[in-house]
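Working notes, beginning with the structure itself.
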Amino acid sequence: MDGGAPNRDGSLLVPMNLETLHDWLREYSGLDPASIGEDVLQELVRDRISMLRCSSLNGYLDHLSGSAQERLILIERLVVPETWFFRDRPSLEFAAQYAIKTWSKSHPKGPFRVLFMPCWTGEEPYSLAMAFAQAGWPLSRLRIEAIDISRDSIRTAREGIYNGDSFRPPDLDFRETQLVPVRADTWRVPDDIRAAILFEQAILTAPGFVGMRVPYDAIFCRNLFFHMDSQAQSKAISVVNSLLQQEGIVAAGASELELLRKSGYRPVNDLMPFVMSRVKAFVDPQRSR
């Protein structure tokens, strides 16, 4: 039997059997342990056992089952956001043009409603609101509901203050025109953009998630399936199907495309493979100008 990896003091770390934790992750959050990596889980659980001074893995699992705070802490450590402003700009701009050129013809007064999941730390839903503003869509007619499993990510998103890796070249002109400088290399999202977005900590596979919402005109779900197991992916597709208006659009990432295709979605055109619709005769707003 393998003795395990060396500890800092020279002793050996014997690998723990984390099958129970695997089951808990799938049940509680839909996360696929294989996508996270066993070494990452082992290291994280050892750190939490040491921090909490639990006597054993079973002791930690007992603590986990009885502590909502520990469940949130564990999820926070496992889900590391990778996001920045105007990531996948074409999808953002397409959604704005779809609202202006197509959707507004049959909805002259109502707000355009968007579900953004996961929203990570907020850069991408804020970018969507800015793309709508740049296209001339009144922000008073835009409603974005942005959800994420991470409480810390939601807290950052609500604060709306960013620096560092939130900004990636080459396109950084928007910082000077649409954000408010706070200090050197730090900017804040202005109040009119913030007002268009409701940030919420939630788990989309939780019972009752769909029942609390009405259908959306667009759903952004880039990398939604990346850390999910197959059962959670099926639930997530069901959520998308239930919450998208029949003529709505879905903006996705590479990990979502195959399941969306199996559910009857197709790219809106050859140049936009990551924006999909289930309407056969879809009108491309970028070709109807």
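By order in the structure tokens, chains are A, B, ...; within a chain, residues start at 1; ligands start at 1, following the order shown.
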Which of range 52-174 of chain A counts as alpha helix (DSSP H) under DSSP, as a ChimeraX atom specification please?
/A:52,57-66,68-78,89-98,104-106,123-134,151-159,174
Show me, as a short mmCIF file (atom, residue, chain, number, x, y, z; two decimals) with C-alpha atoms, in the first residue's frame, the residues that have an atom within 10 Å of Val40 in chain A when counting only C-alpha atoms, minus same-chain residues fewer than 5 positions from it.
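What landed in around22.cif:
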data_model
loop_
_atom_site.label_atom_id
_atom_site.label_comp_id
_atom_site.auth_asym_id
_atom_site.auth_seq_id
_atom_site.Cartn_x
_atom_site.Cartn_y
_atom_site.Cartn_z
CA PRO A 33 -15.43 15.81 -7.41
CA VAL A 45 -9.99 18.71 3.92
CA ARG A 77 -12.50 27.07 -1.31
CA LEU A 78 -13.45 24.69 -4.11
#
Would you list, as a ChimeraX atom specification, the residues of range 175-267 of chain A that end up in strand (DSSP E) under DSSP run on this structure's backbone?
/A:180-183,186-188,197-201,216-221,244-252,266-267
Residues from last step as file, N, CA and C atoms, as a PDB file, in the first residue's frame:
ATOM      1  N   VAL A 180     -16.120  54.346 -12.552  1.00  0.00           N
ATOM      2  CA  VAL A 180     -15.757  55.497 -11.717  1.00  0.00           C
ATOM      3  C   VAL A 180     -14.431  55.196 -11.014  1.00  0.00           C
ATOM      4  N   PRO A 181     -13.392  56.017 -11.215  1.00  0.00           N
ATOM      5  CA  PRO A 181     -12.114  55.760 -10.536  1.00  0.00           C
ATOM      6  C   PRO A 181     -12.253  55.937  -9.028  1.00  0.00           C
ATOM      7  N   VAL A 182     -11.653  55.003  -8.295  1.00  0.00           N
ATOM      8  CA  VAL A 182     -11.683  55.057  -6.827  1.00  0.00           C
ATOM      9  C   VAL A 182     -10.320  55.468  -6.293  1.00  0.00           C
ATOM     10  N   ARG A 183      -9.288  54.840  -6.790  1.00  0.00           N
ATOM     11  CA  ARG A 183      -7.903  55.158  -6.479  1.00  0.00           C
ATOM     12  C   ARG A 183      -7.050  54.586  -7.598  1.00  0.00           C
ATOM     13  N   THR A 186      -7.930  51.167  -9.473  1.00  0.00           N
ATOM     14  CA  THR A 186      -9.160  50.627  -8.896  1.00  0.00           C
ATOM     15  C   THR A 186     -10.343  51.448  -9.391  1.00  0.00           C
ATOM     16  N   TRP A 187     -11.415  50.734  -9.816  1.00  0.00           N
ATOM     17  CA  TRP A 187     -12.592  51.398 -10.352  1.00  0.00           C
ATOM     18  C   TRP A 187     -13.859  50.825  -9.720  1.00  0.00           C
ATOM     19  N   ARG A 188     -14.915  51.658  -9.715  1.00  0.00           N
ATOM     20  CA  ARG A 188     -16.223  51.245  -9.188  1.00  0.00           C
ATOM     21  C   ARG A 188     -17.262  51.302 -10.299  1.00  0.00           C
ATOM     22  N   ILE A 197     -29.022  45.268 -11.947  1.00  0.00           N
ATOM     23  CA  ILE A 197     -28.635  43.888 -11.629  1.00  0.00           C
ATOM     24  C   ILE A 197     -28.992  43.545 -10.184  1.00  0.00           C
ATOM     25  N   LEU A 198     -29.615  42.393  -9.996  1.00  0.00           N
ATOM     26  CA  LEU A 198     -29.871  41.843  -8.672  1.00  0.00           C
ATOM     27  C   LEU A 198     -28.961  40.643  -8.475  1.00  0.00           C
ATOM     28  N   PHE A 199     -28.037  40.713  -7.524  1.00  0.00           N
ATOM     29  CA  PHE A 199     -27.133  39.608  -7.230  1.00  0.00           C
ATOM     30  C   PHE A 199     -27.707  38.762  -6.098  1.00  0.00           C
ATOM     31  N   GLU A 200     -27.589  37.441  -6.252  1.00  0.00           N
ATOM     32  CA  GLU A 200     -28.202  36.536  -5.283  1.00  0.00           C
ATOM     33  C   GLU A 200     -27.345  35.287  -5.121  1.00  0.00           C
ATOM     34  N   GLN A 201     -27.102  34.878  -3.883  1.00  0.00           N
ATOM     35  CA  GLN A 201     -26.417  33.626  -3.615  1.00  0.00           C
ATOM     36  C   GLN A 201     -27.470  32.514  -3.648  1.00  0.00           C
ATOM     37  N   TYR A 216     -37.221  33.975 -18.637  1.00  0.00           N
ATOM     38  CA  TYR A 216     -36.297  35.044 -19.023  1.00  0.00           C
ATOM     39  C   TYR A 216     -36.179  35.106 -20.547  1.00  0.00           C
ATOM     40  N   ASP A 217     -35.801  36.285 -21.026  1.00  0.00           N
ATOM     41  CA  ASP A 217     -35.608  36.492 -22.455  1.00  0.00           C
ATOM     42  C   ASP A 217     -34.214  36.057 -22.910  1.00  0.00           C
ATOM     43  N   ALA A 218     -33.291  35.982 -21.985  1.00  0.00           N
ATOM     44  CA  ALA A 218     -31.937  35.497 -22.276  1.00  0.00           C
ATOM     45  C   ALA A 218     -31.371  34.867 -21.012  1.00  0.00           C
ATOM     46  N   ILE A 219     -30.599  33.812 -21.206  1.00  0.00           N
ATOM     47  CA  ILE A 219     -29.902  33.160 -20.093  1.00  0.00           C
ATOM     48  C   ILE A 219     -28.429  33.046 -20.472  1.00  0.00           C
ATOM     49  N   PHE A 220     -27.569  33.548 -19.607  1.00  0.00           N
ATOM     50  CA  PHE A 220     -26.126  33.403 -19.769  1.00  0.00           C
ATOM     51  C   PHE A 220     -25.662  32.318 -18.810  1.00  0.00           C
ATOM     52  N   CYS A 221     -25.032  31.287 -19.360  1.00  0.00           N
ATOM     53  CA  CYS A 221     -24.632  30.154 -18.507  1.00  0.00           C
ATOM     54  C   CYS A 221     -23.252  29.630 -18.903  1.00  0.00           C
ATOM     55  N   LEU A 244     -36.385  29.676 -19.802  1.00  0.00           N
ATOM     56  CA  LEU A 244     -36.158  30.475 -21.001  1.00  0.00           C
ATOM     57  C   LEU A 244     -37.450  30.629 -21.791  1.00  0.00           C
ATOM     58  N   GLN A 245     -37.748  31.867 -22.171  1.00  0.00           N
ATOM     59  CA  GLN A 245     -38.869  32.097 -23.065  1.00  0.00           C
ATOM     60  C   GLN A 245     -38.674  31.306 -24.357  1.00  0.00           C
ATOM     61  N   GLN A 246     -39.758  30.922 -25.008  1.00  0.00           N
ATOM     62  CA  GLN A 246     -39.662  30.089 -26.195  1.00  0.00           C
ATOM     63  C   GLN A 246     -38.774  30.711 -27.262  1.00  0.00           C
ATOM     64  N   GLU A 247     -38.822  32.026 -27.406  1.00  0.00           N
ATOM     65  CA  GLU A 247     -38.019  32.696 -28.421  1.00  0.00           C
ATOM     66  C   GLU A 247     -36.746  33.318 -27.832  1.00  0.00           C
ATOM     67  N   GLY A 248     -36.390  32.914 -26.625  1.00  0.00           N
ATOM     68  CA  GLY A 248     -35.221  33.481 -25.971  1.00  0.00           C
ATOM     69  C   GLY A 248     -33.916  32.921 -26.501  1.00  0.00           C
ATOM     70  N   ILE A 249     -32.815  33.488 -26.019  1.00  0.00           N
ATOM     71  CA  ILE A 249     -31.480  33.055 -26.422  1.00  0.00           C
ATOM     72  C   ILE A 249     -30.695  32.588 -25.195  1.00  0.00           C
ATOM     73  N   VAL A 250     -29.761  31.689 -25.454  1.00  0.00           N
ATOM     74  CA  VAL A 250     -28.856  31.182 -24.419  1.00  0.00           C
ATOM     75  C   VAL A 250     -27.433  31.481 -24.853  1.00  0.00           C
ATOM     76  N   ALA A 251     -26.675  32.157 -24.009  1.00  0.00           N
ATOM     77  CA  ALA A 251     -25.250  32.385 -24.259  1.00  0.00           C
ATOM     78  C   ALA A 251     -24.478  31.433 -23.357  1.00  0.00           C
ATOM     79  N   ALA A 252     -23.690  30.559 -23.957  1.00  0.00           N
ATOM     80  CA  ALA A 252     -23.064  29.471 -23.219  1.00  0.00           C
ATOM     81  C   ALA A 252     -21.573  29.416 -23.484  1.00  0.00           C
ATOM     82  N   ARG A 266     -29.872  25.438 -31.193  1.00  0.00           N
ATOM     83  CA  ARG A 266     -28.949  25.562 -32.303  1.00  0.00           C
ATOM     84  C   ARG A 266     -28.313  26.952 -32.283  1.00  0.00           C
ATOM     85  N   PRO A 267     -27.080  27.090 -32.775  1.00  0.00           N
ATOM     86  CA  PRO A 267     -26.463  28.426 -32.855  1.00  0.00           C
ATOM     87  C   PRO A 267     -27.330  29.368 -33.676  1.00  0.00           C
TER      88      PRO A 267
END
Which one is closest to Ser166 in chain A: A:Glu19, A:Glu123, A:Trp24, A:Met117? Count only C-alpha atoms.
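Nearest candidate to Ser166 in chain A out of A:Glu19, A:Glu123, A:Trp24, A:Met117: A:Glu123.
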Leu257 in chain A environment, 12 Å, only C-alpha atoms, sequence neighbours closer than 2 positions dropped, as a count of residues only
29
Between CA of Leu25 in chain A and CA of Ile75 in chain A, what is the distance in Å, rounded to a tenth?
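One can read the CA of Leu25 in chain A to CA of Ile75 in chain A distance as 8.7 Å.
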Minimum-distance residue to Arg141 in chain A, chosen among A:Glu258, A:Asp173, A:Asp192, A:Asp23 (using only C-alpha atoms)
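Among the listed residues, A:Asp192 lies closest to Arg141 in chain A.
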Which residue of A:Asp229, A:Lys101, A:Leu52, A:Asp270 approaches His22 in chain A most closely, using only C-alpha atoms
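That would be A:Asp229, the residue with the smallest distance to His22 in chain A.
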With only C-alpha atoms as the atoms that count, which of A:Ser65, A:Thr121, A:Gln178, A:Thr102 lies nearest to Thr156 in chain A?
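Ranked by minimum distance to Thr156 in chain A, first place goes to A:Thr121.
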Could you check which of A:Gly211, A:Ser106, A:Val114, A:Ala99 is closest to Pro138 in chain A, using only C-alpha atoms?
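Using only C-alpha atoms, the shortest distance to Pro138 in chain A belongs to A:Ala99.
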Interatomic distance between CA of Ala135 in chain A and CA of Ala96 in chain A?
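Separation between CA of Ala135 in chain A and CA of Ala96 in chain A: 6.6 Å.
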